[in-house]
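Novice: Got a file for you: run.txt, compact mmCIF, N, CA and C atoms.
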```
# COMPACT_ATOMS: atom_id res chain seq x y z
N MET A 5 -14.00 0.83 10.50
CA MET A 5 -13.67 2.03 9.77
C MET A 5 -12.31 1.84 9.08
N VAL A 6 -12.20 2.27 7.85
CA VAL A 6 -11.00 2.08 7.04
C VAL A 6 -9.80 2.79 7.67
N VAL A 7 -9.99 4.00 8.19
CA VAL A 7 -8.89 4.80 8.70
C VAL A 7 -8.16 4.08 9.83
N ASP A 8 -8.86 3.31 10.66
CA ASP A 8 -8.23 2.61 11.77
C ASP A 8 -7.13 1.67 11.31
N ASN A 9 -7.27 1.06 10.16
CA ASN A 9 -6.30 0.10 9.67
C ASN A 9 -5.27 0.73 8.73
N ILE A 10 -5.50 1.95 8.30
CA ILE A 10 -4.61 2.60 7.34
C ILE A 10 -3.19 2.72 7.89
N GLY A 11 -3.04 3.10 9.15
CA GLY A 11 -1.71 3.24 9.75
C GLY A 11 -0.95 1.93 9.73
N THR A 12 -1.62 0.85 10.07
CA THR A 12 -1.00 -0.48 10.06
C THR A 12 -0.59 -0.86 8.64
N ILE A 13 -1.44 -0.54 7.69
CA ILE A 13 -1.14 -0.86 6.29
C ILE A 13 0.08 -0.06 5.83
N PHE A 14 0.10 1.25 6.15
CA PHE A 14 1.25 2.08 5.75
C PHE A 14 2.54 1.56 6.37
N LEU A 15 2.49 1.16 7.64
CA LEU A 15 3.68 0.60 8.28
C LEU A 15 4.12 -0.67 7.57
N ALA A 16 3.16 -1.50 7.20
CA ALA A 16 3.49 -2.74 6.48
C ALA A 16 4.13 -2.42 5.13
N LEU A 17 3.63 -1.41 4.45
CA LEU A 17 4.15 -1.04 3.13
C LEU A 17 5.47 -0.29 3.21
N SER A 18 5.84 0.17 4.39
CA SER A 18 7.06 0.98 4.52
C SER A 18 8.34 0.15 4.40
N ASP A 19 8.25 -1.14 4.53
CA ASP A 19 9.44 -1.99 4.49
C ASP A 19 9.63 -2.58 3.09
N PRO A 20 10.84 -2.44 2.52
CA PRO A 20 11.07 -2.95 1.16
C PRO A 20 10.92 -4.47 1.03
N THR A 21 11.26 -5.22 2.06
CA THR A 21 11.08 -6.67 2.00
C THR A 21 9.60 -7.01 1.92
N ARG A 22 8.79 -6.34 2.73
CA ARG A 22 7.34 -6.60 2.69
C ARG A 22 6.75 -6.18 1.35
N ARG A 23 7.24 -5.06 0.79
CA ARG A 23 6.74 -4.65 -0.53
C ARG A 23 7.12 -5.69 -1.58
N ALA A 24 8.31 -6.27 -1.47
CA ALA A 24 8.74 -7.31 -2.42
C ALA A 24 7.86 -8.56 -2.27
N ILE A 25 7.51 -8.89 -1.05
CA ILE A 25 6.62 -10.03 -0.81
C ILE A 25 5.26 -9.76 -1.45
N ILE A 26 4.75 -8.55 -1.26
CA ILE A 26 3.45 -8.18 -1.86
C ILE A 26 3.53 -8.27 -3.38
N GLU A 27 4.63 -7.75 -3.92
CA GLU A 27 4.80 -7.79 -5.38
C GLU A 27 4.79 -9.23 -5.87
N ARG A 28 5.49 -10.12 -5.16
CA ARG A 28 5.51 -11.54 -5.55
C ARG A 28 4.12 -12.14 -5.46
N LEU A 29 3.39 -11.82 -4.38
CA LEU A 29 2.05 -12.39 -4.20
C LEU A 29 1.04 -11.82 -5.20
N SER A 30 1.36 -10.68 -5.80
CA SER A 30 0.46 -10.12 -6.81
C SER A 30 0.39 -11.02 -8.05
N ARG A 31 1.38 -11.91 -8.18
CA ARG A 31 1.39 -12.86 -9.30
C ARG A 31 0.73 -14.18 -8.94
N GLY A 32 0.31 -14.34 -7.67
CA GLY A 32 -0.37 -15.55 -7.26
C GLY A 32 0.10 -16.03 -5.90
N PRO A 33 -0.64 -16.96 -5.30
CA PRO A 33 -0.29 -17.49 -3.98
C PRO A 33 1.10 -18.13 -3.98
N ALA A 34 1.71 -18.16 -2.79
CA ALA A 34 3.03 -18.77 -2.64
C ALA A 34 3.18 -19.29 -1.21
N THR A 35 4.02 -20.31 -1.07
CA THR A 35 4.32 -20.82 0.27
C THR A 35 5.34 -19.89 0.92
N VAL A 36 5.47 -20.01 2.23
CA VAL A 36 6.45 -19.21 2.96
C VAL A 36 7.85 -19.52 2.43
N ASN A 37 8.13 -20.79 2.15
CA ASN A 37 9.43 -21.17 1.60
C ASN A 37 9.69 -20.49 0.26
N GLU A 38 8.69 -20.46 -0.60
CA GLU A 38 8.85 -19.79 -1.90
C GLU A 38 9.10 -18.29 -1.72
N LEU A 39 8.41 -17.70 -0.77
CA LEU A 39 8.58 -16.27 -0.52
C LEU A 39 9.95 -15.96 0.06
N ALA A 40 10.47 -16.88 0.86
CA ALA A 40 11.77 -16.67 1.51
C ALA A 40 12.93 -16.81 0.52
N GLY A 41 12.74 -17.56 -0.55
CA GLY A 41 13.82 -17.87 -1.49
C GLY A 41 14.66 -16.70 -1.95
N PRO A 42 14.08 -15.63 -2.46
CA PRO A 42 14.88 -14.54 -3.03
C PRO A 42 15.62 -13.67 -2.01
N PHE A 43 15.30 -13.82 -0.74
CA PHE A 43 15.86 -12.92 0.26
C PHE A 43 17.07 -13.54 0.94
N ASN A 44 18.00 -12.68 1.30
CA ASN A 44 19.21 -13.12 1.98
C ASN A 44 19.02 -12.99 3.50
N VAL A 45 17.88 -13.47 3.97
CA VAL A 45 17.56 -13.47 5.40
C VAL A 45 16.99 -14.84 5.76
N SER A 46 16.87 -15.11 7.03
CA SER A 46 16.35 -16.40 7.47
C SER A 46 14.86 -16.52 7.15
N GLN A 47 14.41 -17.77 7.08
CA GLN A 47 12.99 -18.00 6.86
C GLN A 47 12.19 -17.44 8.04
N GLN A 48 12.77 -17.48 9.22
CA GLN A 48 12.11 -16.93 10.41
C GLN A 48 11.86 -15.43 10.23
N MET A 49 12.84 -14.71 9.67
CA MET A 49 12.68 -13.27 9.45
C MET A 49 11.59 -13.01 8.41
N VAL A 50 11.56 -13.81 7.34
CA VAL A 50 10.52 -13.67 6.33
C VAL A 50 9.16 -13.97 6.96
N SER A 51 9.10 -14.96 7.83
CA SER A 51 7.84 -15.28 8.52
C SER A 51 7.37 -14.10 9.37
N LYS A 52 8.30 -13.37 9.98
CA LYS A 52 7.92 -12.18 10.76
C LYS A 52 7.35 -11.10 9.85
N HIS A 53 7.95 -10.93 8.67
CA HIS A 53 7.42 -9.97 7.71
C HIS A 53 6.01 -10.38 7.27
N ILE A 54 5.84 -11.66 7.01
CA ILE A 54 4.53 -12.15 6.59
C ILE A 54 3.51 -11.95 7.71
N ALA A 55 3.92 -12.20 8.96
CA ALA A 55 3.01 -11.99 10.09
C ALA A 55 2.56 -10.53 10.15
N TYR A 56 3.45 -9.61 9.87
CA TYR A 56 3.09 -8.20 9.87
C TYR A 56 2.08 -7.91 8.77
N LEU A 57 2.30 -8.50 7.59
CA LEU A 57 1.36 -8.33 6.48
C LEU A 57 0.01 -8.95 6.80
N VAL A 58 0.01 -10.05 7.53
CA VAL A 58 -1.25 -10.68 7.94
C VAL A 58 -1.99 -9.78 8.93
N ARG A 59 -1.26 -9.21 9.91
CA ARG A 59 -1.88 -8.28 10.87
C ARG A 59 -2.49 -7.06 10.19
N ALA A 60 -1.86 -6.64 9.11
CA ALA A 60 -2.36 -5.49 8.36
C ALA A 60 -3.48 -5.88 7.40
N ASN A 61 -3.84 -7.15 7.39
CA ASN A 61 -4.89 -7.69 6.50
C ASN A 61 -4.55 -7.55 5.03
N ILE A 62 -3.25 -7.50 4.72
CA ILE A 62 -2.82 -7.44 3.32
C ILE A 62 -2.63 -8.84 2.76
N VAL A 63 -2.26 -9.77 3.64
CA VAL A 63 -1.99 -11.15 3.24
C VAL A 63 -2.82 -12.10 4.08
N LEU A 64 -3.32 -13.13 3.44
CA LEU A 64 -4.03 -14.21 4.11
C LEU A 64 -3.10 -15.41 4.10
N LYS A 65 -2.88 -16.01 5.27
CA LYS A 65 -1.98 -17.16 5.39
C LYS A 65 -2.80 -18.35 5.87
N ILE A 66 -2.77 -19.42 5.06
CA ILE A 66 -3.55 -20.62 5.37
C ILE A 66 -2.61 -21.81 5.41
N LYS A 67 -2.77 -22.61 6.46
CA LYS A 67 -1.94 -23.81 6.65
C LYS A 67 -2.51 -24.94 5.80
N HIS A 68 -1.65 -25.54 4.96
CA HIS A 68 -2.00 -26.71 4.15
C HIS A 68 -1.00 -27.79 4.51
N GLY A 69 -1.39 -28.67 5.43
CA GLY A 69 -0.46 -29.70 5.88
C GLY A 69 0.71 -29.06 6.62
N ARG A 70 1.91 -29.31 6.14
CA ARG A 70 3.11 -28.75 6.77
C ARG A 70 3.46 -27.38 6.24
N GLU A 71 2.84 -26.99 5.14
CA GLU A 71 3.18 -25.71 4.52
C GLU A 71 2.10 -24.66 4.77
N SER A 72 2.54 -23.43 4.79
CA SER A 72 1.63 -22.30 4.88
C SER A 72 1.63 -21.60 3.53
N VAL A 73 0.44 -21.37 2.99
CA VAL A 73 0.30 -20.70 1.70
C VAL A 73 -0.22 -19.29 1.95
N CYS A 74 0.44 -18.33 1.34
CA CYS A 74 0.06 -16.93 1.49
C CYS A 74 -0.61 -16.44 0.21
N THR A 75 -1.64 -15.63 0.40
CA THR A 75 -2.40 -15.06 -0.70
C THR A 75 -2.57 -13.57 -0.44
N LEU A 76 -2.43 -12.77 -1.48
CA LEU A 76 -2.60 -11.33 -1.37
C LEU A 76 -4.08 -10.98 -1.23
N ARG A 77 -4.38 -10.05 -0.35
CA ARG A 77 -5.73 -9.52 -0.20
C ARG A 77 -5.72 -8.10 -0.78
N PRO A 78 -6.04 -7.94 -2.07
CA PRO A 78 -5.94 -6.63 -2.70
C PRO A 78 -6.89 -5.59 -2.11
N GLU A 79 -7.90 -6.04 -1.38
CA GLU A 79 -8.84 -5.07 -0.77
C GLU A 79 -8.11 -4.11 0.16
N ALA A 80 -7.09 -4.60 0.86
CA ALA A 80 -6.35 -3.75 1.79
C ALA A 80 -5.63 -2.63 1.05
N ILE A 81 -5.03 -2.96 -0.07
CA ILE A 81 -4.35 -1.95 -0.87
C ILE A 81 -5.38 -0.99 -1.46
N ARG A 82 -6.53 -1.50 -1.81
CA ARG A 82 -7.61 -0.65 -2.33
C ARG A 82 -8.06 0.35 -1.27
N ASP A 83 -8.09 -0.06 0.00
CA ASP A 83 -8.46 0.86 1.08
C ASP A 83 -7.50 2.04 1.13
N VAL A 84 -6.21 1.77 0.99
CA VAL A 84 -5.20 2.84 0.99
C VAL A 84 -5.38 3.73 -0.24
N SER A 85 -5.64 3.11 -1.37
CA SER A 85 -5.84 3.86 -2.60
C SER A 85 -7.06 4.78 -2.48
N ASP A 86 -8.14 4.26 -1.93
CA ASP A 86 -9.35 5.07 -1.74
C ASP A 86 -9.08 6.23 -0.80
N TRP A 87 -8.34 5.97 0.28
CA TRP A 87 -8.00 7.00 1.25
C TRP A 87 -7.17 8.10 0.58
N ALA A 88 -6.17 7.69 -0.20
CA ALA A 88 -5.30 8.65 -0.87
C ALA A 88 -6.06 9.43 -1.94
N LEU A 89 -7.01 8.79 -2.59
CA LEU A 89 -7.80 9.45 -3.63
C LEU A 89 -8.57 10.64 -3.07
N GLU A 90 -9.08 10.50 -1.86
CA GLU A 90 -9.79 11.62 -1.24
C GLU A 90 -8.87 12.82 -1.08
N TYR A 91 -7.64 12.59 -0.66
CA TYR A 91 -6.68 13.69 -0.52
C TYR A 91 -6.27 14.24 -1.87
N ARG A 92 -6.17 13.39 -2.86
CA ARG A 92 -5.85 13.88 -4.21
C ARG A 92 -6.93 14.82 -4.70
N ARG A 93 -8.18 14.46 -4.48
CA ARG A 93 -9.29 15.34 -4.89
C ARG A 93 -9.18 16.69 -4.21
N PHE A 94 -8.88 16.68 -2.91
CA PHE A 94 -8.73 17.92 -2.16
C PHE A 94 -7.63 18.79 -2.78
N TRP A 95 -6.45 18.19 -3.03
CA TRP A 95 -5.33 18.96 -3.57
C TRP A 95 -5.60 19.39 -4.99
N ASP A 96 -6.24 18.56 -5.80
CA ASP A 96 -6.58 18.96 -7.17
C ASP A 96 -7.51 20.17 -7.14
N GLU A 97 -8.52 20.14 -6.28
CA GLU A 97 -9.45 21.28 -6.17
C GLU A 97 -8.71 22.52 -5.68
N SER A 98 -7.82 22.35 -4.71
CA SER A 98 -7.06 23.49 -4.19
C SER A 98 -6.17 24.10 -5.27
N PHE A 99 -5.50 23.26 -6.05
CA PHE A 99 -4.64 23.76 -7.11
C PHE A 99 -5.47 24.44 -8.20
N ASP A 100 -6.66 23.90 -8.50
CA ASP A 100 -7.53 24.53 -9.49
C ASP A 100 -7.94 25.92 -9.03
N LYS A 101 -8.27 26.06 -7.74
CA LYS A 101 -8.65 27.38 -7.20
C LYS A 101 -7.46 28.33 -7.25
N LEU A 102 -6.28 27.85 -6.89
CA LEU A 102 -5.09 28.68 -6.93
C LEU A 102 -4.80 29.13 -8.36
N GLU A 103 -4.94 28.23 -9.31
CA GLU A 103 -4.72 28.57 -10.71
C GLU A 103 -5.70 29.65 -11.17
N ALA A 104 -6.96 29.55 -10.75
CA ALA A 104 -7.95 30.56 -11.11
C ALA A 104 -7.57 31.92 -10.54
N VAL A 105 -7.11 31.96 -9.30
CA VAL A 105 -6.70 33.22 -8.67
C VAL A 105 -5.50 33.80 -9.40
N LEU A 106 -4.52 32.98 -9.71
CA LEU A 106 -3.33 33.47 -10.42
C LEU A 106 -3.68 33.98 -11.81
N THR A 107 -4.55 33.28 -12.49
CA THR A 107 -4.99 33.71 -13.82
C THR A 107 -5.68 35.06 -13.74
N GLU A 108 -6.55 35.23 -12.75
CA GLU A 108 -7.25 36.50 -12.56
C GLU A 108 -6.25 37.61 -12.22
N MET A 109 -5.27 37.33 -11.38
CA MET A 109 -4.26 38.33 -11.03
C MET A 109 -3.45 38.75 -12.26
N LYS A 110 -3.09 37.79 -13.10
CA LYS A 110 -2.35 38.10 -14.31
C LYS A 110 -3.19 38.94 -15.27
N ARG A 111 -4.47 38.62 -15.36
CA ARG A 111 -5.39 39.36 -16.23
C ARG A 111 -5.50 40.80 -15.75
N MET A 112 -5.64 40.97 -14.42
CA MET A 112 -5.77 42.31 -13.85
C MET A 112 -4.48 43.10 -14.05
N GLU A 113 -3.33 42.44 -13.90
CA GLU A 113 -2.04 43.09 -14.09
C GLU A 113 -1.86 43.53 -15.53
N ALA A 114 -2.31 42.71 -16.47
CA ALA A 114 -2.19 43.03 -17.88
C ALA A 114 -3.10 44.20 -18.29
N ASN A 115 -4.22 44.38 -17.59
CA ASN A 115 -5.19 45.45 -17.91
C ASN A 115 -4.81 46.79 -17.26
N LYS A 116 -3.75 46.86 -16.51
CA LYS A 116 -3.36 48.13 -15.87
C LYS A 116 -2.79 49.10 -16.85
```
Turn the structure described in the file into structure tokens.
Specialist:
Amino acid sequence: MVVDNIGTIFLALSDPTRRAIIERLSRGPATVNELAGPFNVSQQMVSKHIAYLVRANIVLKIKHGRESVCTLRPEAIRDVSDWALEYRRFWDESFDKLEAVLTEMKRMEANK
């Protein structure tokens, strides 16, 4: 079920370093060393961020010899988008109903 993983995905997305890693991977696969380059933290810390993204199924990490290559799994982000879209539909419908009520109230007030 998608909802079971949504919390893990949101936690993964809550960290700016992890979001930066995701943004970098949106341009294509990268090694852990390449991902660590722009950050002023240890490679070990970047590896922990990547491990969190892997647990959230946002990133796939594959060992190629001595290097690990990370690839973005956009399906995970799509799951969050689909989840949020359902709530957007709910709120859009609620606002449309509220607008109809307010319009009717204004019409009734004008006819007094």
Novice: Given only C-alpha atoms, how would the per-residue table for stretch 23-62 of chain A near stretch 71-91 of chain A read, listing every residue at most 8 Å away with its closest atom pair and distance in Å to one decimal, sorted by chain and number, as CSV?
Specialist:
```
residue,atom,partner,partner_atom,distance
A:Ile26,CA,A:Leu76,CA,6.8
A:Leu29,CA,A:Leu76,CA,5.5
A:Ser30,CA,A:Leu76,CA,6.4
A:Gly32,CA,A:Thr75,CA,6.9
A:Pro33,CA,A:Thr75,CA,4.6
A:Ala34,CA,A:Cys74,CA,5.4
A:Thr35,CA,A:Val73,CA,4.3
A:Val36,CA,A:Ser72,CA,6.0
A:Ala60,CA,A:Ala80,CA,7.9
A:Asn61,CA,A:Ala80,CA,6.3
A:Ile62,CA,A:Arg77,CA,5.0
```
Novice: For the helix (DSSP H, G or I) assignment from backbone DSSP, which residues of stretch 14-108 of chain A qualify? Please present them as a PyMOL selection string.
Specialist: chain A and resi 14-17+20-29+36-40+47-59+78-108
Novice: Go through A:Lys101, A:Ala114, A:Arg92, A:Thr21 one by one, measure the shortest atom-to-atom distance of each to A:Val45 using only C-alpha atoms, and give the residue with the smallest value.
Specialist: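 Using only C-alpha atoms, A:Val45 sits closest to A:Thr21.
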Novice: With 4 Å on each side, where is the centre of the axis-aligned box around all listed atoms of stretch 86-97 of chain A, and how long are its edges in Å to one decimal, as JSON?
Specialist:
```
{"center_x": -7.5, "center_y": 13.4, "center_z": -3.0, "size_x": 12.5, "size_y": 26.3, "size_z": 16.4}
```
Novice: Which residue gives the smallest distance to A:Asn37 among A:Arg70, A:Lys116, A:Arg93, A:Arg23, with only C-alpha atoms counted?
Specialist: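 The answer is A:Arg70, which sits nearest to A:Asn37.
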Novice: Going by DSSP on the backbone, which bits of stretch 44-102 of chain A are strand (DSSP E)? Write them as a list of chain:residue names, please.
Specialist: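 The residues of stretch 44-102 of chain A classed as strand (DSSP E) are A:Val63, A:Leu64, A:Lys65, A:Ile66, A:Lys67, A:His68, A:Glu71, A:Ser72, A:Val73, A:Cys74, A:Thr75, A:Leu76.
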Novice: Using atom C of A:Leu39 and atom N of A:Ile25 as the two end points, give the distance in Å to one decimal.
Specialist: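 Between atom C of A:Leu39 and atom N of A:Ile25 the gap works out to 7.6 Å.
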Novice: Quote the spacing between atom C of A:Phe99 and atom C of A:Asn115 in Å to one decimal place.
Specialist: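 These atoms are spaced 24.1 Å apart.
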Novice: Just the number, please: distance in Å from atom C of A:Asn44 to atom N of A:Asp19, one decimal.
Specialist: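 Spanning atom C of A:Asn44 to atom N of A:Asp19 is a straight-line distance of 16.0 Å.
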Novice: Using only C-alpha atoms, which of A:Leu57, A:Phe43, A:Arg111, A:Glu38 sits nearest A:Leu17?
Specialist: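 Of A:Leu57, A:Phe43, A:Arg111, A:Glu38, the one nearest A:Leu17, counting only C-alpha atoms, is A:Leu57.
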Novice: Using only C-alpha atoms, can you tell me which of A:Arg22, A:Glu113, A:Asp96, A:Leu64 comes closest to A:Val50?
Specialist: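 Among A:Arg22, A:Glu113, A:Asp96, A:Leu64, it is A:Arg22 that comes nearest to A:Val50.
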